[in-house]
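Novice: protein.pdb is reproduced in full below (PDB, C-alpha atoms).
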ATOM      1  CA  MET A  89       0.000   0.000   0.000
ATOM      2  CA  LEU A  90       0.985   3.621  -0.504
ATOM      3  CA  THR A  91       0.049   6.791   1.284
ATOM      4  CA  GLY A  92       0.676  10.344   0.142
ATOM      5  CA  THR A  93      -1.203  12.595  -2.247
ATOM      6  CA  LEU A  94      -3.435  12.466  -5.270
ATOM      7  CA  ALA A  95      -3.062  15.728  -7.156
ATOM      8  CA  ILE A  96      -4.160  17.634 -10.197
ATOM      9  CA  ASP A  97      -1.037  18.860 -11.984
ATOM     10  CA  TYR A  98      -0.705  21.964 -14.107
ATOM     11  CA  VAL A  99       2.539  21.544 -16.040
ATOM     12  CA  ALA A 100       3.935  24.530 -17.934
ATOM     13  CA  ALA A 101       6.939  24.818 -20.242
ATOM     14  CA  TYR A 102       9.168  27.884 -20.130
ATOM     15  CA  PRO A 103      11.107  28.159 -23.426
ATOM     16  CA  GLY A 104      14.100  29.894 -21.832
ATOM     17  CA  ALA A 105      16.491  28.919 -19.047
ATOM     18  CA  PHE A 106      15.775  29.826 -15.431
ATOM     19  CA  SER A 107      19.499  30.439 -14.976
ATOM     20  CA  ALA A 108      19.383  33.258 -17.542
ATOM     21  CA  LEU A 109      16.623  35.208 -15.799
ATOM     22  CA  PRO A 110      17.556  38.607 -14.325
ATOM     23  CA  ARG A 111      18.840  38.536 -10.749
ATOM     24  CA  HIS A 112      17.919  41.107  -8.142
ATOM     25  CA  PRO A 113      16.862  41.146  -4.478
ATOM     26  CA  GLY A 114      13.721  39.079  -4.105
ATOM     27  CA  ILE A 115      12.182  36.811  -6.740
ATOM     28  CA  ASN A 116       9.595  39.143  -8.256
ATOM     29  CA  LEU A 117       9.704  37.916 -11.835
ATOM     30  CA  ALA A 118       7.189  37.220 -14.580
ATOM     31  CA  VAL A 119       7.835  34.854 -17.496
ATOM     32  CA  GLN A 120       5.946  33.959 -20.640
ATOM     33  CA  LEU A 121       5.056  30.270 -20.863
ATOM     34  CA  LYS A 122       5.110  28.266 -24.074
ATOM     35  CA  THR A 123       2.593  25.574 -23.091
ATOM     36  CA  ILE A 124       0.460  24.492 -20.136
ATOM     37  CA  GLU A 125      -1.328  21.188 -19.590
ATOM     38  CA  ARG A 126      -3.648  19.762 -16.942
ATOM     39  CA  ARG A 127      -2.715  16.221 -15.888
ATOM     40  CA  PHE A 128      -3.397  13.489 -13.362
ATOM     41  CA  GLY A 129      -0.694  13.478 -10.689
ATOM     42  CA  GLY A 130       0.265  13.198  -7.041
ATOM     43  CA  CYS A 131       3.365  11.248  -6.033
ATOM     44  CA  ALA A 132       1.482   8.355  -4.429
ATOM     45  CA  MET A 133      -0.716   7.943  -7.489
ATOM     46  CA  ASN A 134       2.185   8.265  -9.944
ATOM     47  CA  ILE A 135       4.051   5.490  -8.139
ATOM     48  CA  ALA A 136       0.908   3.365  -7.945
ATOM     49  CA  TYR A 137       0.357   3.794 -11.686
ATOM     50  CA  THR A 138       3.838   2.472 -12.526
ATOM     51  CA  LEU A 139       3.529  -0.418 -10.073
ATOM     52  CA  LYS A 140       0.235  -1.431 -11.665
ATOM     53  CA  LEU A 141       1.787  -1.379 -15.137
ATOM     54  CA  LEU A 142       4.537  -3.678 -13.857
ATOM     55  CA  GLY A 143       2.038  -6.265 -12.645
ATOM     56  CA  ASP A 144       1.777  -5.338  -8.974
ATOM     57  CA  SER A 145      -1.421  -4.564  -7.044
ATOM     58  CA  PRO A 146      -0.871  -1.142  -5.448
ATOM     59  CA  SER A 147      -3.509   0.283  -3.108
ATOM     60  CA  PRO A 148      -3.086   4.017  -2.454
ATOM     61  CA  PHE A 149      -4.519   5.577   0.706
ATOM     62  CA  VAL A 150      -5.135   9.274   0.060
ATOM     63  CA  TYR A 151      -7.521  12.058   1.028
ATOM     64  CA  VAL A 152      -9.092  14.097  -1.773
ATOM     65  CA  GLY A 153     -11.552  16.955  -2.100
ATOM     66  CA  ARG A 154     -14.852  17.184  -3.898
ATOM     67  CA  ASP A 155     -13.093  17.929  -7.193
ATOM     68  CA  PHE A 156     -11.856  14.315  -7.382
ATOM     69  CA  GLY A 157     -15.013  13.761  -9.411
ATOM     70  CA  ASN A 158     -15.589  11.400 -12.244
ATOM     71  CA  GLU A 159     -12.589  12.312 -14.418
ATOM     72  CA  TYR A 160      -9.768  11.126 -12.154
ATOM     73  CA  ALA A 161     -11.893   8.232 -10.886
ATOM     74  CA  ALA A 162     -12.501   7.070 -14.466
ATOM     75  CA  HIS A 163      -8.784   7.321 -15.219
ATOM     76  CA  LEU A 164      -7.906   5.105 -12.242
ATOM     77  CA  ALA A 165     -10.590   2.609 -13.181
ATOM     78  CA  ALA A 166      -9.234   2.404 -16.732
ATOM     79  CA  ALA A 167      -5.727   1.864 -15.364
ATOM     80  CA  GLY A 168      -6.965  -0.815 -12.961
ATOM     81  CA  VAL A 169      -5.645   0.960  -9.864
ATOM     82  CA  ASP A 170      -7.452   0.055  -6.633
ATOM     83  CA  ALA A 171      -9.452   3.081  -5.431
ATOM     84  CA  SER A 172     -10.718   1.583  -2.160
ATOM     85  CA  GLY A 173      -8.272   3.681  -0.141
ATOM     86  CA  ILE A 174      -9.342   7.026  -1.595
ATOM     87  CA  ARG A 175     -11.199   9.085   1.001
ATOM     88  CA  ILE A 176     -13.324  11.965  -0.291
ATOM     89  CA  VAL A 177     -13.805  14.695   2.305
ATOM     90  CA  ASP A 178     -15.899  17.838   2.371
ATOM     91  CA  ALA A 179     -13.237  20.162   1.002
ATOM     92  CA  PRO A 180     -13.377  22.005  -2.323
ATOM     93  CA  HIS A 181      -9.975  20.965  -3.677
ATOM     94  CA  SER A 182      -7.718  17.949  -3.826
ATOM     95  CA  ALA A 183      -3.972  18.564  -3.834
ATOM     96  CA  HIS A 184      -2.679  20.599  -6.766
ATOM     97  CA  ALA A 185       0.813  20.982  -8.198
ATOM     98  CA  PHE A 186       1.925  23.847 -10.418
ATOM     99  CA  ILE A 187       5.099  22.774 -12.223
ATOM    100  CA  PHE A 188       7.268  24.991 -14.412
ATOM    101  CA  THR A 189       9.979  23.381 -16.560
ATOM    102  CA  ASP A 190      12.646  25.259 -18.517
ATOM    103  CA  ARG A 191      14.537  24.192 -21.648
ATOM    104  CA  GLU A 192      17.349  22.738 -19.505
ATOM    105  CA  GLN A 193      14.884  20.449 -17.659
ATOM    106  CA  ASN A 194      15.101  22.461 -14.431
ATOM    107  CA  GLN A 195      11.821  22.636 -12.550
ATOM    108  CA  PHE A 196      10.121  24.902 -10.061
ATOM    109  CA  THR A 197       7.043  23.520  -8.305
ATOM    110  CA  GLY A 198       4.359  25.120  -6.180
ATOM    111  CA  PHE A 199       2.320  22.559  -4.243
ATOM    112  CA  PHE A 200      -1.059  22.907  -2.562
ATOM    113  CA  GLY A 201      -1.584  20.059  -0.083
ATOM    114  CA  GLY A 202      -5.304  19.625  -0.576
ATOM    115  CA  PRO A 203      -7.681  18.793   2.278
ATOM    116  CA  GLY A 204      -4.825  18.864   4.796
ATOM    117  CA  ALA A 205      -4.621  16.941   8.061
ATOM    118  CA  GLN A 206      -7.699  14.875   8.974
ATOM    119  CA  GLU A 207      -8.616  13.897  12.530
ATOM    120  CA  ASP A 208      -9.284  10.292  11.541
ATOM    121  CA  PHE A 209      -6.095   9.917   9.458
ATOM    122  CA  ALA A 210      -4.181   7.629  11.841
ATOM    123  CA  GLY A 211      -7.126   5.371  12.623
ATOM    124  CA  GLU A 212      -8.239   5.066   9.004
ATOM    125  CA  LEU A 213      -4.703   4.343   7.825
ATOM    126  CA  ARG A 214      -4.183   1.745  10.546
ATOM    127  CA  ARG A 215      -7.321  -0.122   9.520
ATOM    128  CA  PHE A 216      -6.501   0.095   5.822
ATOM    129  CA  ALA A 217      -2.812  -0.810   6.009
ATOM    130  CA  SER A 218      -3.191  -3.786   8.336
ATOM    131  CA  GLY A 219      -3.874  -6.169   5.465
ATOM    132  CA  PHE A 220      -0.702  -5.423   3.480
ATOM    133  CA  ASP A 221       2.862  -6.730   3.458
ATOM    134  CA  TYR A 222       4.720  -3.578   2.425
ATOM    135  CA  GLY A 223       4.161   0.170   2.426
ATOM    136  CA  LEU A 224       5.477   3.236   0.672
ATOM    137  CA  LEU A 225       5.290   6.615   2.388
ATOM    138  CA  ALA A 226       5.152   9.133  -0.477
ATOM    139  CA  PRO A 227       5.538  12.930  -0.134
ATOM    140  CA  ASP A 228       2.796  14.656   1.861
ATOM    141  CA  LEU A 229       2.395  17.390   4.454
ATOM    142  CA  PRO A 230       5.018  16.941   7.227
ATOM    143  CA  GLY A 231       2.383  16.205   9.877
ATOM    144  CA  ASN A 232       0.720  13.582   7.703
ATOM    145  CA  MET A 233       4.033  11.888   6.903
ATOM    146  CA  ILE A 234       5.026  11.670  10.556
ATOM    147  CA  THR A 235       1.589  10.368  11.550
ATOM    148  CA  ALA A 236       1.752   7.794   8.751
ATOM    149  CA  ALA A 237       5.267   6.719   9.772
ATOM    150  CA  ARG A 238       4.181   6.282  13.392
ATOM    151  CA  THR A 239       1.148   4.289  12.275
ATOM    152  CA  LEU A 240       2.987   1.969   9.891
ATOM    153  CA  ARG A 241       5.776   1.460  12.417
ATOM    154  CA  GLY A 242       3.169   0.732  15.091
ATOM    155  CA  ILE A 243       1.537  -2.079  13.117
ATOM    156  CA  GLY A 244       4.911  -3.538  12.097
ATOM    157  CA  LEU A 245       4.542  -2.876   8.367
ATOM    158  CA  PRO A 246       7.905  -2.388   6.606
ATOM    159  CA  TYR A 247       7.956   0.650   4.343
ATOM    160  CA  LEU A 248      10.083   2.922   2.179
ATOM    161  CA  THR A 249      10.025   6.627   3.085
ATOM    162  CA  ASP A 250      10.091   9.171   0.258
ATOM    163  CA  PRO A 251       9.900  12.705   1.741
ATOM    164  CA  GLY A 252      10.387  14.295  -1.663
ATOM    165  CA  GLN A 253       9.916  17.968  -2.413
ATOM    166  CA  ASN A 254       7.980  18.464   0.833
ATOM    167  CA  LEU A 255      11.284  18.492   2.740
ATOM    168  CA  THR A 256      11.263  22.228   2.092
ATOM    169  CA  ASP A 257       8.512  22.519   4.720
ATOM    170  CA  PHE A 258      10.036  20.212   7.352
ATOM    171  CA  ALA A 259      11.432  21.715  10.548
ATOM    172  CA  ALA A 260      14.564  20.071  11.947
ATOM    173  CA  GLY A 261      12.637  18.276  14.708
ATOM    174  CA  GLU A 262      10.084  16.919  12.230
ATOM    175  CA  ALA A 263      12.813  15.684   9.899
ATOM    176  CA  ARG A 264      14.642  13.963  12.772
ATOM    177  CA  GLU A 265      11.476  12.182  13.840
ATOM    178  CA  LEU A 266      10.686  11.034  10.307
ATOM    179  CA  VAL A 267      14.209   9.663   9.895
ATOM    180  CA  SER A 268      14.086   7.956  13.301
ATOM    181  CA  LEU A 269      10.822   6.232  12.359
ATOM    182  CA  SER A 270      12.223   5.026   9.026
ATOM    183  CA  THR A 271      14.557   2.203   8.091
ATOM    184  CA  ALA A 272      14.705   2.801   4.318
ATOM    185  CA  MET A 273      14.587   6.163   2.566
ATOM    186  CA  MET A 274      14.898   7.473  -0.985
ATOM    187  CA  VAL A 275      15.695  11.085  -1.891
ATOM    188  CA  ASN A 276      17.207  13.050  -4.753
ATOM    189  CA  GLU A 277      20.483  14.943  -4.494
ATOM    190  CA  PHE A 278      18.952  18.244  -3.394
ATOM    191  CA  GLU A 279      16.753  16.494  -0.823
ATOM    192  CA  TYR A 280      19.773  14.624   0.531
ATOM    193  CA  ARG A 281      21.627  17.879   1.149
ATOM    194  CA  ARG A 282      18.539  19.344   2.806
ATOM    195  CA  LEU A 283      18.192  16.296   5.074
ATOM    196  CA  ARG A 284      21.847  16.492   6.041
ATOM    197  CA  GLU A 285      21.333  20.117   7.049
ATOM    198  CA  LEU A 286      18.300  19.167   9.144
ATOM    199  CA  VAL A 287      19.372  15.922  10.842
ATOM    200  CA  GLY A 288      23.150  15.603  10.392
ATOM    201  CA  GLU A 289      24.562  12.219  11.385
ATOM    202  CA  ASP A 290      21.118  10.878  12.288
ATOM    203  CA  LEU A 291      20.774  10.057   8.591
ATOM    204  CA  ASP A 292      23.514   7.445   8.914
ATOM    205  CA  ALA A 293      21.291   5.296  11.146
ATOM    206  CA  LEU A 294      19.098   4.260   8.206
ATOM    207  CA  GLU A 295      19.420   0.675   7.043
ATOM    208  CA  LEU A 296      19.064   1.784   3.412
ATOM    209  CA  LEU A 297      19.471   5.193   1.796
ATOM    210  CA  VAL A 298      19.129   5.630  -1.975
ATOM    211  CA  ILE A 299      20.045   8.967  -3.575
ATOM    212  CA  THR A 300      18.952   9.588  -7.162
ATOM    213  CA  LEU A 301      21.287  11.828  -9.177
ATOM    214  CA  GLY A 302      19.287  12.637 -12.305
ATOM    215  CA  GLY A 303      21.256  12.005 -15.465
ATOM    216  CA  ARG A 304      24.205  10.728 -13.407
ATOM    217  CA  GLY A 305      22.250   7.725 -12.115
ATOM    218  CA  ALA A 306      21.888   6.851  -8.429
ATOM    219  CA  ARG A 307      23.950   5.747  -5.451
ATOM    220  CA  TRP A 308      23.081   3.956  -2.242
ATOM    221  CA  ARG A 309      24.271   2.906   1.173
ATOM    222  CA  SER A 310      22.877  -0.353   2.558
ATOM    223  CA  ARG A 311      23.688  -2.325   5.699
ATOM    224  CA  THR A 312      22.917  -5.583   3.893
ATOM    225  CA  ASP A 313      24.108  -4.865   0.332
ATOM    226  CA  GLY A 314      26.927  -2.409   1.000
ATOM    227  CA  ASP A 315      27.498   0.849  -0.864
ATOM    228  CA  GLY A 316      27.195   1.236  -4.612
ATOM    229  CA  ASP A 317      26.137   3.297  -7.577
ATOM    230  CA  GLU A 318      24.617   2.766 -11.003
ATOM    231  CA  ARG A 319      24.393   4.917 -14.112
ATOM    232  CA  ALA A 320      21.188   6.240 -15.629
ATOM    233  CA  VAL A 321      19.525   4.490 -18.565
ATOM    234  CA  PRO A 322      19.866   6.574 -21.757
ATOM    235  CA  ALA A 323      16.608   8.215 -22.757
ATOM    236  CA  LYS A 324      15.297  10.770 -25.225
ATOM    237  CA  ILE A 325      13.968  13.417 -22.849
ATOM    238  CA  VAL A 326      10.441  14.570 -23.593
ATOM    239  CA  ASP A 327       9.257  15.570 -20.116
ATOM    240  CA  PRO A 328      11.130  15.128 -16.803
ATOM    241  CA  THR A 329       7.993  15.467 -14.667
ATOM    242  CA  GLY A 330       7.371  12.331 -12.608
ATOM    243  CA  CYS A 331      10.580  10.470 -13.468
ATOM    244  CA  GLY A 332      11.484  10.281  -9.762
ATOM    245  CA  ASP A 333       8.133   8.695  -8.962
ATOM    246  CA  ALA A 334       8.635   6.220 -11.795
ATOM    247  CA  PHE A 335      12.089   5.365 -10.403
ATOM    248  CA  ARG A 336      10.479   4.551  -7.065
ATOM    249  CA  GLY A 337       7.891   2.372  -8.765
ATOM    250  CA  GLY A 338      10.532   0.326 -10.577
ATOM    251  CA  PHE A 339      12.678   0.089  -7.454
ATOM    252  CA  VAL A 340       9.837  -1.146  -5.220
ATOM    253  CA  HIS A 341       8.633  -3.571  -7.898
ATOM    254  CA  ALA A 342      12.052  -5.223  -8.022
ATOM    255  CA  ARG A 343      12.519  -5.307  -4.249
ATOM    256  CA  LEU A 344       9.120  -6.961  -3.758
ATOM    257  CA  ARG A 345      10.345  -9.729  -6.046
ATOM    258  CA  GLY A 346      13.536 -10.308  -4.101
ATOM    259  CA  SER A 347      15.991  -8.152  -6.030
ATOM    260  CA  THR A 348      19.223  -6.871  -4.568
ATOM    261  CA  VAL A 349      19.475  -3.128  -4.014
ATOM    262  CA  ALA A 350      21.631  -2.840  -7.143
ATOM    263  CA  GLY A 351      19.062  -4.669  -9.254
ATOM    264  CA  ALA A 352      16.251  -2.541  -7.863
ATOM    265  CA  VAL A 353      18.169   0.675  -8.630
ATOM    266  CA  ARG A 354      18.640  -0.602 -12.177
ATOM    267  CA  ALA A 355      14.912  -1.312 -12.425
ATOM    268  CA  GLY A 356      14.168   2.193 -11.216
ATOM    269  CA  ALA A 357      16.488   3.625 -13.844
ATOM    270  CA  VAL A 358      14.557   1.767 -16.545
ATOM    271  CA  THR A 359      11.122   3.002 -15.456
ATOM    272  CA  ALA A 360      12.480   6.537 -15.012
ATOM    273  CA  ALA A 361      13.700   6.452 -18.626
ATOM    274  CA  MET A 362      10.282   5.302 -19.793
ATOM    275  CA  VAL A 363       8.605   8.281 -18.151
ATOM    276  CA  LEU A 364      11.261  10.713 -19.391
ATOM    277  CA  GLU A 365      10.323   9.661 -22.925
ATOM    278  CA  THR A 366       6.617  10.340 -22.330
ATOM    279  CA  ASN A 367       4.634  13.532 -21.904
ATOM    280  CA  GLY A 368       2.943  13.213 -18.506
ATOM    281  CA  THR A 369       3.315  11.227 -15.283
ATOM    282  CA  GLN A 370       0.524   8.712 -15.840
ATOM    283  CA  THR A 371       0.536   8.217 -19.605
ATOM    284  CA  HIS A 372       3.555   5.927 -20.100
ATOM    285  CA  ARG A 373       3.575   2.196 -20.711
ATOM    286  CA  CYS A 374       5.857  -0.495 -19.246
ATOM    287  CA  ASP A 375       5.131  -3.261 -21.754
ATOM    288  CA  GLY A 376       8.791  -3.514 -22.741
ATOM    289  CA  PHE A 377      10.206  -3.283 -19.231
ATOM    290  CA  ALA A 378      11.935  -6.690 -19.113
ATOM    291  CA  GLU A 379      13.474  -6.236 -22.556
ATOM    292  CA  ARG A 380      14.591  -2.676 -21.739
ATOM    293  CA  TYR A 381      16.198  -3.930 -18.528
ATOM    294  CA  ARG A 382      18.117  -6.655 -20.379
ATOM    295  CA  ASP A 383      19.222  -4.233 -23.092
ATOM    296  CA  ALA A 384      20.397  -1.661 -20.557
ATOM    297  CA  TRP A 385      22.185  -3.971 -18.134
ATOM    298  CA  GLY A 386      23.057  -7.043 -20.185
ATOM    299  CA  GLU A 387      21.487  -9.494 -17.746
ATOM    300  CA  SER A 388      18.185 -11.042 -16.758
ATOM    301  CA  PRO A 389      18.172 -11.685 -12.995
ATOM    302  CA  ARG A 390      15.922 -14.329 -11.538
ATOM    303  CA  TRP A 391      13.373 -11.866 -10.148
ATOM    304  CA  LEU A 392      12.994 -10.407 -13.648
ATOM    305  CA  ARG A 393      12.616 -13.805 -15.320
ATOM    306  CA  ASP A 394      10.008 -14.857 -12.769
ATOM    307  CA  ALA A 395       8.004 -11.669 -13.358
ATOM    308  CA  SER A 396       8.436 -11.468 -17.122
ATOM    309  CA  ASN A 397       5.031 -12.953 -17.815
ATOM    310  CA  THR A 398       3.389  -9.874 -16.291
ATOM    311  CA  VAL A 399       5.714  -7.114 -17.524
TER     312      VAL A 399
END
Using C-alpha cells, write down the structure from this file.
Specialist:
Amino acid sequence: MLTGTLAIDYVAAYPGAFSALPRHPGINLAVQLKTIERRFGGCAMNIAYTLKLLGDSPSPFVYVGRDFGNEYAAHLAAAGVDASGIRIVDAPHSAHAFIFTDREQNQFTGFFGGPGAQEDFAGELRRFASGFDYGLLAPDLPGNMITAARTLRGIGLPYLTDPGQNLTDFAAGEARELVSLSTAMMVNEFEYRRLRELVGEDLDALELLVITLGGRGARWRSRTDGDGDERAVPAKIVDPTGCGDAFRGGFVHARLRGSTVAGAVRAGAVTAAMVLETNGTQTHRCDGFAERYRDAWGESPRWLRDASNTV
C-alpha cells in the first residue's frame, strides 16, 4: 500500500532557461510560458500507476476533495488501480501541483496540499494498512508523513520513506522524527543535502538510503548490500515530470520480487527512462520493461525472469 497525495497537476513549459533570468533582491519575476497542460498526478498515485503497469497490485490511501469527481476516478478505473483507499472529504480541492519546466529540464514547483490533516487519518490508515505486506510513504504534508510513519511502524509494516519535495517545509525536529521512524529512505540529491542540514549524522542510522542523481544515475548505502552506484539508462527526454516517482515504482517492484538493491536501482532507472520519454506522469507504458532492462544492463536476474510474464 501507498500513502501520500493524489493531485491535479498543471505543467507549464518555459522556453528559456531559469538560470538566464535577471537577478535582483527578491524573486519578483514574470515569465511567458510556451505551453500548459492539466494532468493526473500526485506522487502516491504516480508510483501506484507504474507499479500497476509492472504487474503489482498497489492500493493508495489518500484524502481528496470534492473535485476528485468522475474524471480522475474514471482514469484510475481504466488503469486498474485500486481506489478503495481514496477518502473523499468535504473540502473544495484535492492537492494541486503547479510545475514549471525550462529548456534545460530544471523545474520549479508550487504545491497545494489539498484537504490537509484529517482527525481520523491515523485510525483510518491503521485499519486500511493492516492487510498489506509492504508500504510506501510518499511525499505529503510533514504532519501527515510523521503520523503515517508512526502508524505503519506501530503495526509492524515495513515501508520505504520518500519525503520528496515536501522536505522544504520540514522543521529540523520533524525531519529527525521522520528519519528515526524510518529504516529505508529514498531522496534526490537536493533532498539529501537538505536532510543532512536538518538531521546531520542521524541520517547514517538508516538501514538503506538511496540517492537519485538525475542524469548521473543513483547511489546507495545499505547495511545488507553495501554501498554502490549505477548509471542512468539513456533516454530521449520529452518531459522530466514524474521520473522520480517512476524510479520509485521500478525500485519497489524489483525489491518486492527479491531483487538486490543494485538490481532494484537498475529497475528504477529503466522506469524513469520510460517516463522521461513520455509527456505526462501517468501516460507511459511499461510493456517492454523486461526487454529494456536486459538491453540496458546485459542481464536477466531471476526476479525479472520470474516476473516477465506480467511485464
Novice: Name the residues captured by the PyMOL selection byres ((chain A and resi 270-283) around 10) when it is applied to the shown file; answer as a PyMOL selection string.
Specialist: chain A and resi 224-226+234+237-238+240-241+246-256+258+260+263-269+284-291+293-302+306-308+310+332+336
Novice: For Met133 (chain A), which residue out of A:Ala350, A:Ala355, A:Leu117, A:Ala167 is the nearest one, using only C-alpha atoms?
Specialist: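 Closest residue, counting only C-alpha atoms: A:Ala167.
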Novice: Taking all atoms listed in the file into account, name the residue in A:Ala179, A:Ala108, A:Val326, A:Ala205 that is nearest to Thr235 (chain A).
Specialist: A:Ala205
Novice: For Leu90 (chain A), which residue among A:Pro146, A:Pro322, A:Gly198, A:Gly351 is the nearest when counting all atoms listed in the file?
Specialist: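 Ranked by minimum distance to Leu90 (chain A), first place goes to A:Pro146.
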Novice: For the provided coordinates, the residues matched by the PyMOL selection byres ((chain A and resi 149-165) around 9) should be stated as a count of residues only.
Specialist: 40
Novice: In terms of the shortest atom-to-atom distance over only C-alpha atoms, which of A:Leu141, A:Ala185, A:Cys131, A:Ala320 is closest to Pro227 (chain A)?
Specialist: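 Answer, going by the shortest atom-to-atom distance: A:Cys131.
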Novice: Taking the file as shown, what set of residues would the PyMOL selection byres ((chain A and resi 324) around 6) give back, as a PyMOL selection string?
Specialist: chain A and resi 323+325+365
Novice: CA of Arg127 (chain A) and CA of Asp97 (chain A) are how many Å apart?
Specialist: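 We find that CA of Arg127 (chain A) and CA of Asp97 (chain A) lie 5.0 Å from each other.
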Novice: Rounded to one decimal, what separation in Å do you get between CA of Trp391 (chain A) and CA of Leu364 (chain A)?
Specialist: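 Going from CA of Trp391 (chain A) over to CA of Leu364 (chain A) covers 24.5 Å.
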Novice: One number please: CA of Thr123 (chain A) to CA of Phe106 (chain A), in Å, one decimal.
Specialist: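 Computing it gives 15.8 Å between the two atoms.
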Novice: With 3 Å added on each side, what axis-aligned box encloses every listed atom of region 103-116 of chain A? Give the centre and edge lengths in Å to one decimal, as AutoDock Vina command-line options.
Specialist:
--center_x 14.5 --center_y 34.7 --center_z -13.8 --size_x 15.9 --size_y 19.0 --size_z 25.3
Novice: So, counting only C-alpha atoms, which residue among A:Gln120, A:Thr329, A:Ser218, A:Gln193 is closest to Thr239 (chain A)?
Specialist: A:Ser218
Novice: Region 184-198 of chain A from the block above, N, CA and C atoms, as a compact mmCIF listing (two decimals), in the first residue's frame, please?
Specialist:
# COMPACT_ATOMS: atom_id res chain seq x y z
N HIS A 184 -3.02 20.08 -5.44
CA HIS A 184 -2.68 20.60 -6.77
C HIS A 184 -1.18 20.89 -6.82
N ALA A 185 -0.59 20.63 -7.97
CA ALA A 185 0.81 20.98 -8.20
C ALA A 185 0.91 21.87 -9.42
N PHE A 186 1.69 22.92 -9.31
CA PHE A 186 1.92 23.85 -10.42
C PHE A 186 3.42 23.77 -10.74
N ILE A 187 3.73 23.16 -11.89
CA ILE A 187 5.10 22.77 -12.22
C ILE A 187 5.57 23.53 -13.46
N PHE A 188 6.70 24.21 -13.32
CA PHE A 188 7.27 24.99 -14.41
C PHE A 188 8.62 24.38 -14.80
N THR A 189 8.77 24.03 -16.08
CA THR A 189 9.98 23.38 -16.56
C THR A 189 10.64 24.25 -17.62
N ASP A 190 11.96 24.46 -17.51
CA ASP A 190 12.65 25.26 -18.52
C ASP A 190 13.31 24.36 -19.55
N ARG A 191 13.97 24.96 -20.54
CA ARG A 191 14.54 24.19 -21.65
C ARG A 191 15.70 23.31 -21.21
N GLU A 192 16.26 23.55 -20.03
CA GLU A 192 17.35 22.74 -19.50
C GLU A 192 16.85 21.66 -18.55
N GLN A 193 15.54 21.46 -18.50
CA GLN A 193 14.88 20.45 -17.66
C GLN A 193 14.95 20.77 -16.17
N ASN A 194 15.23 22.03 -15.82
CA ASN A 194 15.10 22.46 -14.43
C ASN A 194 13.63 22.71 -14.15
N GLN A 195 13.23 22.48 -12.90
CA GLN A 195 11.82 22.64 -12.55
C GLN A 195 11.65 23.45 -11.27
N PHE A 196 10.56 24.20 -11.26
CA PHE A 196 10.12 24.90 -10.06
C PHE A 196 8.68 24.49 -9.82
N THR A 197 8.37 24.05 -8.60
CA THR A 197 7.04 23.52 -8.31
C THR A 197 6.42 24.25 -7.12
N GLY A 198 5.17 24.63 -7.29
CA GLY A 198 4.36 25.12 -6.18
C GLY A 198 3.32 24.06 -5.87
